[in-house]
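Visitor: You'll find entry.csv just under this line, and it carries CSV, C-alpha atoms and all ligand atoms.
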```csv
chain,number,residue,atom,x,y,z
A,1,MET,CA,27.1,-33.9,15.5
A,2,ILE,CA,24.1,-32.3,17.3
A,3,SER,CA,23.6,-33.6,20.8
A,4,PHE,CA,23.1,-32.1,24.3
A,5,GLU,CA,26.8,-32.2,24.8
A,6,ASN,CA,27.5,-30.1,21.7
A,7,VAL,CA,24.7,-27.6,22.2
A,8,ILE,CA,26.3,-24.4,23.5
A,9,GLU,CA,25.7,-23.7,27.2
A,10,ASN,CA,22.1,-23.5,28.4
A,11,GLU,CA,22.8,-26.3,30.9
A,12,SER,CA,19.7,-25.9,33.1
A,13,LEU,CA,17.4,-26.2,30.1
A,14,LYS,CA,19.3,-29.4,29.0
A,15,THR,CA,18.8,-30.8,32.4
A,16,SER,CA,15.1,-30.1,32.5
A,17,LEU,CA,14.6,-31.6,29.0
A,18,ILE,CA,16.5,-34.7,29.9
A,19,THR,CA,14.4,-35.0,33.1
A,20,GLN,CA,11.2,-34.7,31.2
A,21,VAL,CA,12.1,-37.5,28.7
A,22,LYS,CA,13.2,-39.8,31.5
A,23,SER,CA,10.0,-39.1,33.5
A,24,ASP,CA,7.8,-40.7,30.9
A,25,LYS,CA,5.5,-37.7,31.2
A,26,LEU,CA,6.5,-36.2,27.9
A,27,HIS,CA,4.4,-33.1,27.0
A,28,HIS,CA,3.2,-33.3,23.4
A,29,ALA,CA,3.8,-29.7,22.4
A,30,HIS,CA,7.0,-27.9,22.9
A,31,LEU,CA,8.0,-24.3,22.1
A,32,PHE,CA,11.7,-23.5,21.9
A,33,VAL,CA,12.2,-19.8,22.0
A,34,GLY,CA,15.4,-17.9,21.5
A,35,LYS,CA,17.5,-16.2,18.8
A,36,MET,CA,18.7,-18.8,16.4
A,37,GLY,CA,22.2,-17.6,17.2
A,38,MET,CA,21.8,-18.9,20.7
A,39,GLY,CA,21.5,-22.5,19.3
A,40,THR,CA,17.7,-22.9,19.5
A,41,LEU,CA,17.4,-25.3,16.6
A,42,PRO,CA,20.3,-27.6,17.8
A,43,MET,CA,18.7,-27.6,21.3
A,44,ALA,CA,15.3,-28.8,19.9
A,45,MET,CA,17.1,-31.4,17.7
A,46,ALA,CA,19.2,-32.7,20.6
A,47,PHE,CA,15.9,-33.1,22.5
A,48,LEU,CA,14.3,-35.0,19.7
A,49,LYS,CA,17.3,-37.3,19.4
A,50,TYR,CA,17.2,-38.0,23.1
A,51,ILE,CA,13.5,-38.9,22.8
A,52,TYR,CA,14.0,-41.2,19.8
A,53,CYS,CA,17.4,-42.7,20.7
A,54,SER,CA,17.2,-46.5,21.1
A,55,ASP,CA,20.3,-46.6,23.3
A,56,ARG,CA,19.8,-43.5,25.5
A,57,LYS,CA,22.6,-42.6,27.9
A,58,THR,CA,22.2,-40.9,31.2
A,59,ASN,CA,22.6,-37.4,29.9
A,60,ASP,CA,22.6,-37.7,26.1
A,61,SER,CA,21.6,-39.7,23.1
A,62,CYS,CA,24.0,-42.4,21.8
A,63,GLY,CA,24.7,-40.7,18.5
A,64,SER,CA,25.1,-44.0,16.7
A,65,CYS,CA,21.7,-45.9,16.7
A,66,SER,CA,19.7,-45.7,13.5
A,67,ASN,CA,17.3,-43.1,15.0
A,68,CYS,CA,20.2,-40.9,16.0
A,69,VAL,CA,21.9,-41.2,12.6
A,70,LYS,CA,18.7,-40.4,10.7
A,71,ILE,CA,17.8,-37.4,13.0
A,72,GLU,CA,21.4,-36.1,12.5
A,73,LYS,CA,20.7,-36.1,8.7
A,74,LEU,CA,17.2,-34.7,9.3
A,75,SER,CA,15.9,-37.7,7.4
A,76,HIS,CA,13.9,-39.6,10.0
A,77,ILE,CA,10.7,-40.8,8.4
A,78,ASP,CA,8.5,-39.9,11.4
A,79,ILE,CA,9.8,-36.4,11.8
A,80,HIS,CA,8.2,-33.9,9.5
A,81,PHE,CA,9.7,-30.4,9.0
A,82,THR,CA,7.9,-27.2,8.1
A,83,MET,CA,9.8,-24.0,7.5
A,84,PRO,CA,9.2,-20.7,5.7
A,85,SER,CA,9.1,-21.0,1.9
A,86,PHE,CA,9.4,-18.6,-1.0
A,87,LYS,CA,7.0,-19.8,-3.6
A,88,ILE,CA,3.5,-21.3,-3.4
A,89,ASP,CA,4.6,-24.2,-5.6
A,90,LYS,CA,7.7,-25.0,-3.7
A,91,LEU,CA,6.8,-25.7,-0.1
A,92,SER,CA,8.7,-27.3,2.8
A,93,GLY,CA,8.7,-30.8,1.4
A,94,GLU,CA,10.6,-29.6,-1.6
A,95,LEU,CA,12.9,-27.3,0.4
A,96,MET,CA,14.0,-30.2,2.6
A,97,GLU,CA,17.2,-30.8,0.7
A,98,ASP,CA,18.2,-27.1,1.1
A,99,PHE,CA,17.3,-27.2,4.7
A,100,ARG,CA,19.5,-30.3,5.3
A,101,ALA,CA,22.4,-28.7,3.5
A,102,ILE,CA,22.3,-25.4,5.5
A,103,TYR,CA,21.7,-27.4,8.7
A,104,SER,CA,24.7,-29.5,8.1
A,105,GLU,CA,26.9,-26.6,6.9
A,106,LYS,CA,26.1,-24.4,9.8
A,107,SER,CA,25.7,-27.1,12.5
A,108,GLY,CA,22.1,-26.0,13.0
A,109,ILE,CA,23.0,-22.4,13.8
A,110,PHE,CA,21.3,-20.3,11.1
A,111,ASP,CA,18.4,-17.9,11.0
A,112,SER,CA,15.9,-16.7,8.5
A,113,LYS,CA,18.3,-14.3,7.0
A,114,ASP,CA,20.7,-17.1,6.2
A,115,TRP,CA,17.8,-19.1,4.9
A,116,MET,CA,16.7,-16.3,2.6
A,117,ASP,CA,20.3,-15.5,1.5
A,118,HIS,CA,20.7,-19.2,0.7
A,119,HIS,CA,17.8,-18.8,-1.8
A,120,GLY,CA,18.4,-15.3,-2.8
A,121,GLN,CA,14.8,-14.5,-2.1
A,122,TYR,CA,13.3,-12.5,0.8
A,123,ASN,CA,9.6,-13.2,1.0
A,124,ALA,CA,9.8,-16.2,3.2
A,125,THR,CA,6.6,-17.2,5.0
A,126,ILE,CA,4.8,-20.3,6.2
A,127,ARG,CA,1.9,-20.6,3.7
A,128,ALA,CA,-1.6,-21.8,4.4
A,129,LYS,CA,-1.1,-24.9,2.2
A,130,GLU,CA,1.5,-26.1,4.7
A,131,ILE,CA,-1.1,-26.3,7.4
A,132,SER,CA,-3.2,-28.9,5.6
A,133,ASP,CA,0.0,-30.9,5.1
A,134,ILE,CA,0.8,-30.7,8.8
A,135,LEU,CA,-2.8,-31.8,9.7
A,136,ASN,CA,-2.7,-34.6,7.2
A,137,ASN,CA,0.7,-35.8,8.3
A,138,MET,CA,-0.1,-35.7,12.0
A,139,SER,CA,-3.3,-37.7,11.5
A,140,MET,CA,-1.2,-40.7,10.3
A,141,THR,CA,0.5,-43.1,12.7
A,142,ALA,CA,4.2,-43.4,12.9
A,143,HIS,CA,6.1,-45.8,10.6
A,144,GLY,CA,8.4,-46.9,13.4
A,145,ASN,CA,7.2,-47.8,16.8
A,146,GLY,CA,7.9,-44.4,18.3
A,147,TYR,CA,6.4,-41.0,18.0
A,148,LYS,CA,5.3,-39.0,15.1
A,149,THR,CA,6.8,-35.5,15.2
A,150,GLN,CA,6.1,-32.2,13.5
A,151,VAL,CA,8.8,-29.6,13.7
A,152,ILE,CA,7.9,-26.0,12.7
A,153,TRP,CA,11.0,-23.9,12.3
A,154,MET,CA,10.4,-20.1,12.6
A,155,VAL,CA,6.8,-20.7,13.6
A,156,GLU,CA,6.2,-16.9,14.0
A,157,GLU,CA,6.1,-16.8,10.2
A,158,MET,CA,2.9,-18.7,10.3
A,159,GLY,CA,0.8,-15.7,11.3
A,160,LEU,CA,-2.9,-16.2,11.8
A,161,GLU,CA,-2.8,-19.4,9.9
A,162,SER,CA,-1.4,-21.0,13.1
A,163,ASN,CA,-5.0,-20.9,14.4
A,164,LYS,CA,-5.7,-23.9,12.3
A,165,ILE,CA,-3.3,-26.1,14.3
A,166,LEU,CA,-4.8,-25.2,17.6
A,167,LYS,CA,-7.2,-28.1,17.7
A,168,ILE,CA,-4.5,-30.7,17.0
A,169,LEU,CA,-2.3,-29.0,19.6
A,170,GLU,CA,-5.1,-29.2,22.1
A,171,GLU,CA,-6.3,-32.7,21.3
A,172,PRO,CA,-3.4,-34.5,19.7
A,173,ASN,CA,-3.4,-38.0,18.6
A,174,SER,CA,-1.5,-40.2,21.0
A,175,GLU,CA,2.2,-40.6,20.4
A,176,THR,CA,2.6,-37.3,18.6
A,177,ILE,CA,5.0,-34.5,19.4
A,178,PHE,CA,5.0,-30.9,18.2
A,179,ILE,CA,8.2,-29.0,18.3
A,180,LEU,CA,7.7,-25.3,17.6
A,181,ILE,CA,10.8,-23.1,17.2
A,182,ALA,CA,10.6,-19.4,17.3
A,183,GLU,CA,13.0,-16.4,17.8
A,184,SER,CA,10.5,-14.6,19.9
A,185,MET,CA,7.0,-15.0,21.2
A,186,GLU,CA,5.9,-11.5,20.2
A,187,ARG,CA,4.3,-12.6,16.9
A,188,LEU,CA,2.8,-15.9,18.2
A,189,LEU,CA,-0.9,-16.2,19.1
A,190,PRO,CA,-1.4,-16.4,22.8
A,191,THR,CA,-3.6,-19.5,22.2
A,192,ILE,CA,-0.6,-21.3,20.6
A,193,ILE,CA,1.8,-20.3,23.4
A,194,SER,CA,-0.6,-21.5,26.1
A,195,ARG,CA,-0.8,-25.0,24.7
A,196,CYS,CA,3.0,-25.5,24.7
A,197,ASN,CA,5.6,-26.4,27.2
A,198,ILE,CA,7.9,-23.4,26.8
A,199,HIS,CA,11.7,-23.7,26.7
A,200,ARG,CA,13.5,-20.4,26.7
A,201,MET,CA,17.1,-20.3,25.4
A,202,GLU,CA,19.5,-18.1,27.3
A,203,SER,CA,22.0,-15.7,25.8
A,204,ILE,CA,25.4,-17.2,25.1
A,205,SER,CA,28.1,-16.0,27.4
A,206,ASP,CA,30.5,-13.3,26.1
A,207,THR,CA,33.4,-15.6,26.9
A,208,PHE,CA,32.1,-18.2,24.5
A,209,ILE,CA,31.4,-15.7,21.8
A,210,ASP,CA,34.8,-14.1,22.3
A,211,ASN,CA,36.5,-17.4,21.8
A,212,TYR,CA,34.3,-18.3,18.9
A,213,VAL,CA,34.9,-15.1,16.9
A,214,ARG,CA,38.6,-15.3,17.6
A,215,GLU,CA,38.7,-18.8,16.1
A,216,HIS,CA,36.3,-18.2,13.2
A,217,ARG,CA,37.2,-14.6,12.3
A,218,SER,CA,40.8,-14.5,13.3
A,219,LYS,CA,41.7,-11.8,10.7
A,220,ALA,CA,39.4,-9.2,12.1
A,221,SER,CA,41.0,-6.4,14.1
A,222,GLU,CA,41.0,-6.5,17.9
A,223,ASP,CA,38.7,-3.5,18.0
A,224,ILE,CA,36.1,-5.1,15.8
A,225,LEU,CA,36.3,-8.5,17.6
A,226,VAL,CA,35.7,-6.8,21.0
A,227,ASN,CA,32.8,-4.8,19.7
A,228,ALA,CA,31.3,-7.8,18.0
A,229,VAL,CA,31.0,-9.6,21.3
A,230,ARG,CA,29.4,-6.5,22.9
A,231,PHE,CA,27.0,-5.9,20.1
A,232,ALA,CA,26.0,-9.5,19.8
A,233,ASN,CA,24.2,-9.6,23.1
A,234,GLY,CA,24.5,-13.4,23.5
A,235,ASP,CA,23.7,-14.2,19.8
A,236,LEU,CA,26.5,-16.0,17.9
A,237,ILE,CA,25.0,-15.1,14.5
A,238,GLU,CA,24.9,-11.4,15.3
A,239,ALA,CA,28.6,-11.5,16.4
A,240,ILE,CA,29.7,-13.0,13.1
A,241,ARG,CA,27.5,-10.7,11.1
A,242,TYR,CA,28.8,-7.7,12.9
A,243,ILE,CA,32.3,-8.6,11.9
A,244,ASP,CA,31.4,-9.5,8.3
A,245,ASP,CA,29.5,-6.3,8.0
A,246,PHE,CA,32.7,-4.4,8.0
A,247,ASP,CA,33.7,-6.1,4.8
A,248,SER,CA,30.4,-5.7,3.1
A,249,GLU,CA,29.2,-2.8,1.0
A,250,PHE,CA,26.5,-1.9,3.4
A,251,SER,CA,27.9,-1.0,6.8
A,252,LEU,CA,25.6,-0.4,9.7
A,253,GLU,CA,28.0,2.0,11.2
A,254,GLN,CA,28.3,4.0,8.1
A,255,ALA,CA,24.6,4.1,7.6
A,256,LEU,CA,24.0,5.2,11.2
A,257,ARG,CA,26.7,7.9,10.9
A,258,LYS,CA,25.1,9.3,7.8
A,259,PHE,CA,21.6,9.2,9.2
A,260,MET,CA,22.7,11.0,12.4
A,261,ARG,CA,24.8,13.5,10.4
A,262,GLY,CA,21.6,14.5,8.7
A,263,LEU,CA,20.2,15.5,12.1
A,264,THR,CA,23.2,17.4,13.4
A,265,LYS,CA,22.8,21.1,14.0
A,266,PHE,CA,19.2,20.8,12.9
A,267,GLU,CA,18.4,23.9,14.8
A,268,THR,CA,21.1,26.3,13.7
A,269,ARG,CA,21.7,25.2,10.1
A,270,LYS,CA,18.1,24.8,9.1
A,271,PHE,CA,18.1,21.4,7.4
A,272,GLN,CA,21.5,22.0,5.8
A,273,ASN,CA,22.4,18.4,6.5
A,274,ILE,CA,19.1,16.8,6.0
A,275,ASN,CA,20.1,15.3,2.6
A,276,PHE,CA,22.5,13.0,4.5
A,277,MET,CA,19.5,11.6,6.4
A,278,LEU,CA,17.4,11.3,3.3
A,279,GLU,CA,20.2,9.5,1.4
A,280,SER,CA,20.6,7.1,4.3
A,281,CYS,CA,16.8,6.5,4.2
A,282,GLU,CA,17.0,5.8,0.5
A,283,ASP,CA,19.8,3.3,1.1
A,284,LEU,CA,18.0,1.6,3.9
A,285,ALA,CA,14.7,1.3,2.0
A,286,GLY,CA,16.6,-0.6,-0.7
A,287,GLN,CA,17.7,-3.3,1.8
A,288,ASN,CA,15.9,-6.4,2.9
A,289,LYS,CA,13.7,-6.5,6.0
A,290,GLN,CA,16.4,-8.3,8.1
A,291,LEU,CA,18.9,-5.6,7.4
A,292,GLN,CA,16.4,-2.9,8.1
A,293,VAL,CA,15.6,-4.4,11.5
A,294,LYS,CA,19.3,-4.8,12.1
A,295,PHE,CA,19.9,-1.1,11.4
A,296,LEU,CA,17.2,-0.2,13.9
A,297,GLU,CA,18.6,-2.6,16.4
A,298,PHE,CA,22.0,-1.1,15.8
A,299,MET,CA,20.5,2.3,16.5
A,300,LEU,CA,19.2,1.0,19.8
A,301,TYR,CA,22.6,-0.3,20.6
A,302,PHE,CA,24.0,3.2,19.8
A,303,VAL,CA,21.4,4.8,22.1
A,304,HIS,CA,22.3,2.4,24.9
A,305,GLN,CA,25.9,3.2,24.5
A,306,LEU,CA,25.1,6.9,24.5
A,307,MET,CA,23.1,6.6,27.7
A,308,ARG,CA,25.9,4.6,29.3
A,309,TYR,CA,28.5,7.1,28.3
A,310,LYS,CA,26.4,9.9,29.7
A,311,THR,CA,26.0,8.3,33.1
A,312,THR,CA,29.2,6.4,33.6
A,313,ARG,CA,31.7,8.0,31.1
A,314,THR,CA,32.5,4.6,29.8
A,315,CYS,CA,31.0,2.7,26.8
A,316,SER,CA,31.9,-0.1,24.5
A,317,ALA,CA,31.3,1.5,21.2
A,318,SER,CA,33.9,1.5,18.5
A,319,GLU,CA,36.1,4.6,17.9
A,320,VAL,CA,34.0,5.6,14.9
A,321,LEU,CA,30.8,5.5,16.9
A,322,MET,CA,32.5,7.1,19.9
A,323,ALA,CA,32.9,10.3,17.9
A,324,VAL,CA,29.2,10.4,17.3
A,325,ILE,CA,28.4,9.6,20.9
A,326,GLN,CA,30.6,12.4,22.1
A,327,HIS,CA,28.9,14.8,19.8
A,328,TYR,CA,25.4,13.9,21.1
A,329,GLU,CA,26.3,13.3,24.7
A,330,SER,CA,26.2,17.0,25.7
A,331,ILE,CA,23.1,17.7,23.6
A,332,VAL,CA,20.8,14.8,24.6
A,333,GLU,CA,19.1,14.4,28.0
A,334,LEU,CA,17.8,11.1,29.3
A,335,ASP,CA,14.1,11.8,28.6
A,336,GLN,CA,15.0,12.5,25.0
A,337,ILE,CA,16.9,9.1,24.9
A,338,GLU,CA,13.7,7.4,26.2
A,339,ALA,CA,11.6,9.0,23.4
A,340,TRP,CA,14.3,8.0,20.9
A,341,MET,CA,14.1,4.4,22.0
A,342,LYS,CA,10.4,4.3,21.7
A,343,ILE,CA,10.3,5.6,18.1
A,344,VAL,CA,13.0,3.2,17.0
A,345,ASP,CA,11.0,0.4,18.6
A,346,ASN,CA,7.9,1.5,16.7
A,347,ASN,CA,9.9,1.5,13.5
A,348,ILE,CA,11.0,-2.1,14.1
A,349,ARG,CA,7.3,-3.0,14.3
A,350,ALA,CA,6.7,-1.1,11.1
A,351,VAL,CA,9.2,-3.3,9.2
A,352,TYR,CA,7.3,-6.4,10.3
A,353,GLY,CA,4.0,-4.7,9.5
A,354,ASN,CA,5.0,-4.3,5.8
A,355,ALA,CA,5.0,-0.5,6.0
A,356,ASN,CA,6.5,1.6,3.2
A,357,MET,CA,10.0,1.6,4.7
A,358,LYS,CA,11.3,4.7,2.9
A,359,ILE,CA,8.4,6.8,4.5
A,360,SER,CA,9.0,5.0,7.8
A,361,PHE,CA,12.7,5.8,7.9
A,362,VAL,CA,12.2,9.4,6.8
A,363,SER,CA,9.6,9.9,9.5
A,364,LEU,CA,11.9,8.4,12.0
A,365,GLY,CA,14.6,10.9,11.0
A,366,ILE,CA,12.2,13.9,11.2
A,367,GLU,CA,10.7,12.8,14.5
A,368,LEU,CA,14.2,12.2,15.9
A,369,GLY,CA,15.2,15.6,14.7
A,370,ARG,CA,12.3,17.0,16.7
A,371,ILE,CA,13.2,15.1,19.8
A,372,LEU,CA,16.9,16.0,19.6
A,373,ASN,CA,16.2,19.7,18.9
A,374,ARG,CA,12.9,20.2,20.6
A,375,LYS,CA,12.7,24.0,20.7
A,376,GLU,CA,13.4,24.4,17.0
A,377,PHE,CA,10.9,21.8,16.0
A,378,GLU,CA,8.2,23.3,18.1
A,379,MET,CA,8.7,26.5,16.2
A,380,ILE,CA,8.3,24.7,12.9
A,381,SER,CA,5.3,22.8,14.1
A,382,THR,CA,3.5,26.1,15.1
A,383,LYS,CA,4.3,27.6,11.7
A,384,LEU,CA,2.6,24.7,10.0
B,401,ZN,ZN,20.8,-43.2,19.6
```
What is this file in structure tokens?
Guide:
Amino acid sequence: MISFENVIENESLKTSLITQVKSDKLHHAHLFVGKMGMGTLPMAMAFLKYIYCSDRKTNDSCGSCSNCVKIEKLSHIDIHFTMPSFKIDKLSGELMEDFRAIYSEKSGIFDSKDWMDHHGQYNATIRAKEISDILNNMSMTAHGNGYKTQVIWMVEEMGLESNKILKILEEPNSETIFILIAESMERLLPTIISRCNIHRMESISDTFIDNYVREHRSKASEDILVNAVRFANGDLIEAIRYIDDFDSEFSLEQALRKFMRGLTKFETRKFQNINFMLESCEDLAGQNKQLQVKFLEFMLYFVHQLMRYKTTRTCSASEVLMAVIQHYESIVELDQIEAWMKIVDNNIRAVYGNANMKISFVSLGIELGRILNRKEFEMISTKL
């Protein structure tokens, strides 16, 4: 059951939400921000339950009144959900059954990759047509005697269309609540952000994630479990995916090794290994956006570990990655690491910007080759 008590950690946020509901000065637009693996959706739903509950307790909803029961099933008549959809003729309303199923199966902890995997389709977006449904719905009064609520899950997928809800966010009808849920504020319009009461989720503690993965992935090796916690960076979904990744055909670690192998001895062996990098780019270009971003994030993780090893002689990378780190550690200086992080960051933006990812990955490889072997690349550049 989803309630404040069952939402993972984030105690101070719970307290401030509870205080706001009790104060009778409830803001009408709320933005919950945090990776879905931190429990962002359950937190928003626990908040809604507390608002609607007809037998509210000091620090939580009752869980058994009819409002609580309906919200638990995501079937409260006055709470309307909008989420990314895959086809123009099958919007949120028709996806609700799927949404309820995944919500119940994963206790509210799932992200857009899970949502897309669930449908086997990867072009999820919040379409323009949804906006008119939202406006329509929010112009009507509640069926019950409480609030009318609009939840928008993964609101960053709304893009510029979100402009159209600005007016209603600014001048809402009385007794309406907007609950916007996003993984990050980067792709949200500043005008949307400024109209919301912002609730930031905090990373889940390593201790919690450690216990969780040991319980849910008990067969994974000790090394993988320990690394999963470190790699997850407070995100439960990432921890589980890291472990599952070792069983899947596409391994981030293997892809990174191959990519980096394509760049080794760039200067002395004259592109002898570059095919490894190109093959790795080919593999990556064939993956979905989420996995492409994950690869790039994994590269950032690798770079952080490399930096850590250089400065402290310790790092949390797995044995396999350790070999790569030890290879690069003597070659790469801190200013090169900084440039490396910048180009990876640019590539993450390119994935969201719908760039041709094969070209993007290859140019990352070449640019990285230049950074890691600056002298040699300068020579090539002047020849061109
Ligand atoms: Zn209740």
Visitor: Residues at most 10 Å from Thr191 (chain A), counting only C-alpha atoms, excluding those fewer than 3 positions away in the same chain, as a list in words?
Guide: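 Here the qualifying residues turn out to be Ser162, Asn163, Leu166, Leu169, Glu170, Leu188, Ser194, Arg195 and Cys196 of chain A.
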Visitor: My list of candidates is A:Met96, A:His199, A:Leu291, A:Ser66. Which is closest to Thr15 (chain A) when distances are computed with all atoms listed in the file?
Guide: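 Smallest distance to Thr15 (chain A) is found for A:His199.
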Visitor: Find the residues near Phe208 (chain A): any atom within 10 Å, counting all atoms listed in the file, skip ones fewer than 3 places away on the same chain, and give them as a PyMOL selection string.
Guide: chain A and resi 8-9+204-205+211-214+229+234+236
Visitor: Residues contacting ligand ZN 401 (chain B) - anything with an atom at most 7 Å away, using all atoms listed in the file - can you give me those as a ChimeraX atom specification?
Guide: /A:49,53-56,61-68
Visitor: For Asp223 (chain A), please output as a list in words all residues within 12 Å (counting all atoms listed in the file; exclusion window: fewer than 4 positions along the same chain).
Guide: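 Close residues of Asp223 (chain A): Arg214, Lys219, Asn227, Ala228, Val229, Arg230, Tyr242, Ile243, Phe246, Ser316, Ala317, Ser318, Glu319 and Val320 of chain A.
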Visitor: Suppose you want the space between CA of Ala124 (chain A) and CA of Lys289 (chain A); what is it in Å?
Guide: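 So the two atoms, CA of Ala124 (chain A) and CA of Lys289 (chain A), lie 10.8 Å apart.
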Visitor: What's the 12 Å shell around Gly120 (chain A), counting all atoms listed in the file, without same-chain residues fewer than 5 positions away, as a list of chain:residue names?
Guide: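 Close residues of Gly120 (chain A): A:Ser85, A:Phe86, A:Ser112, A:Lys113, A:Asp114, A:Trp115, A:Asn288.
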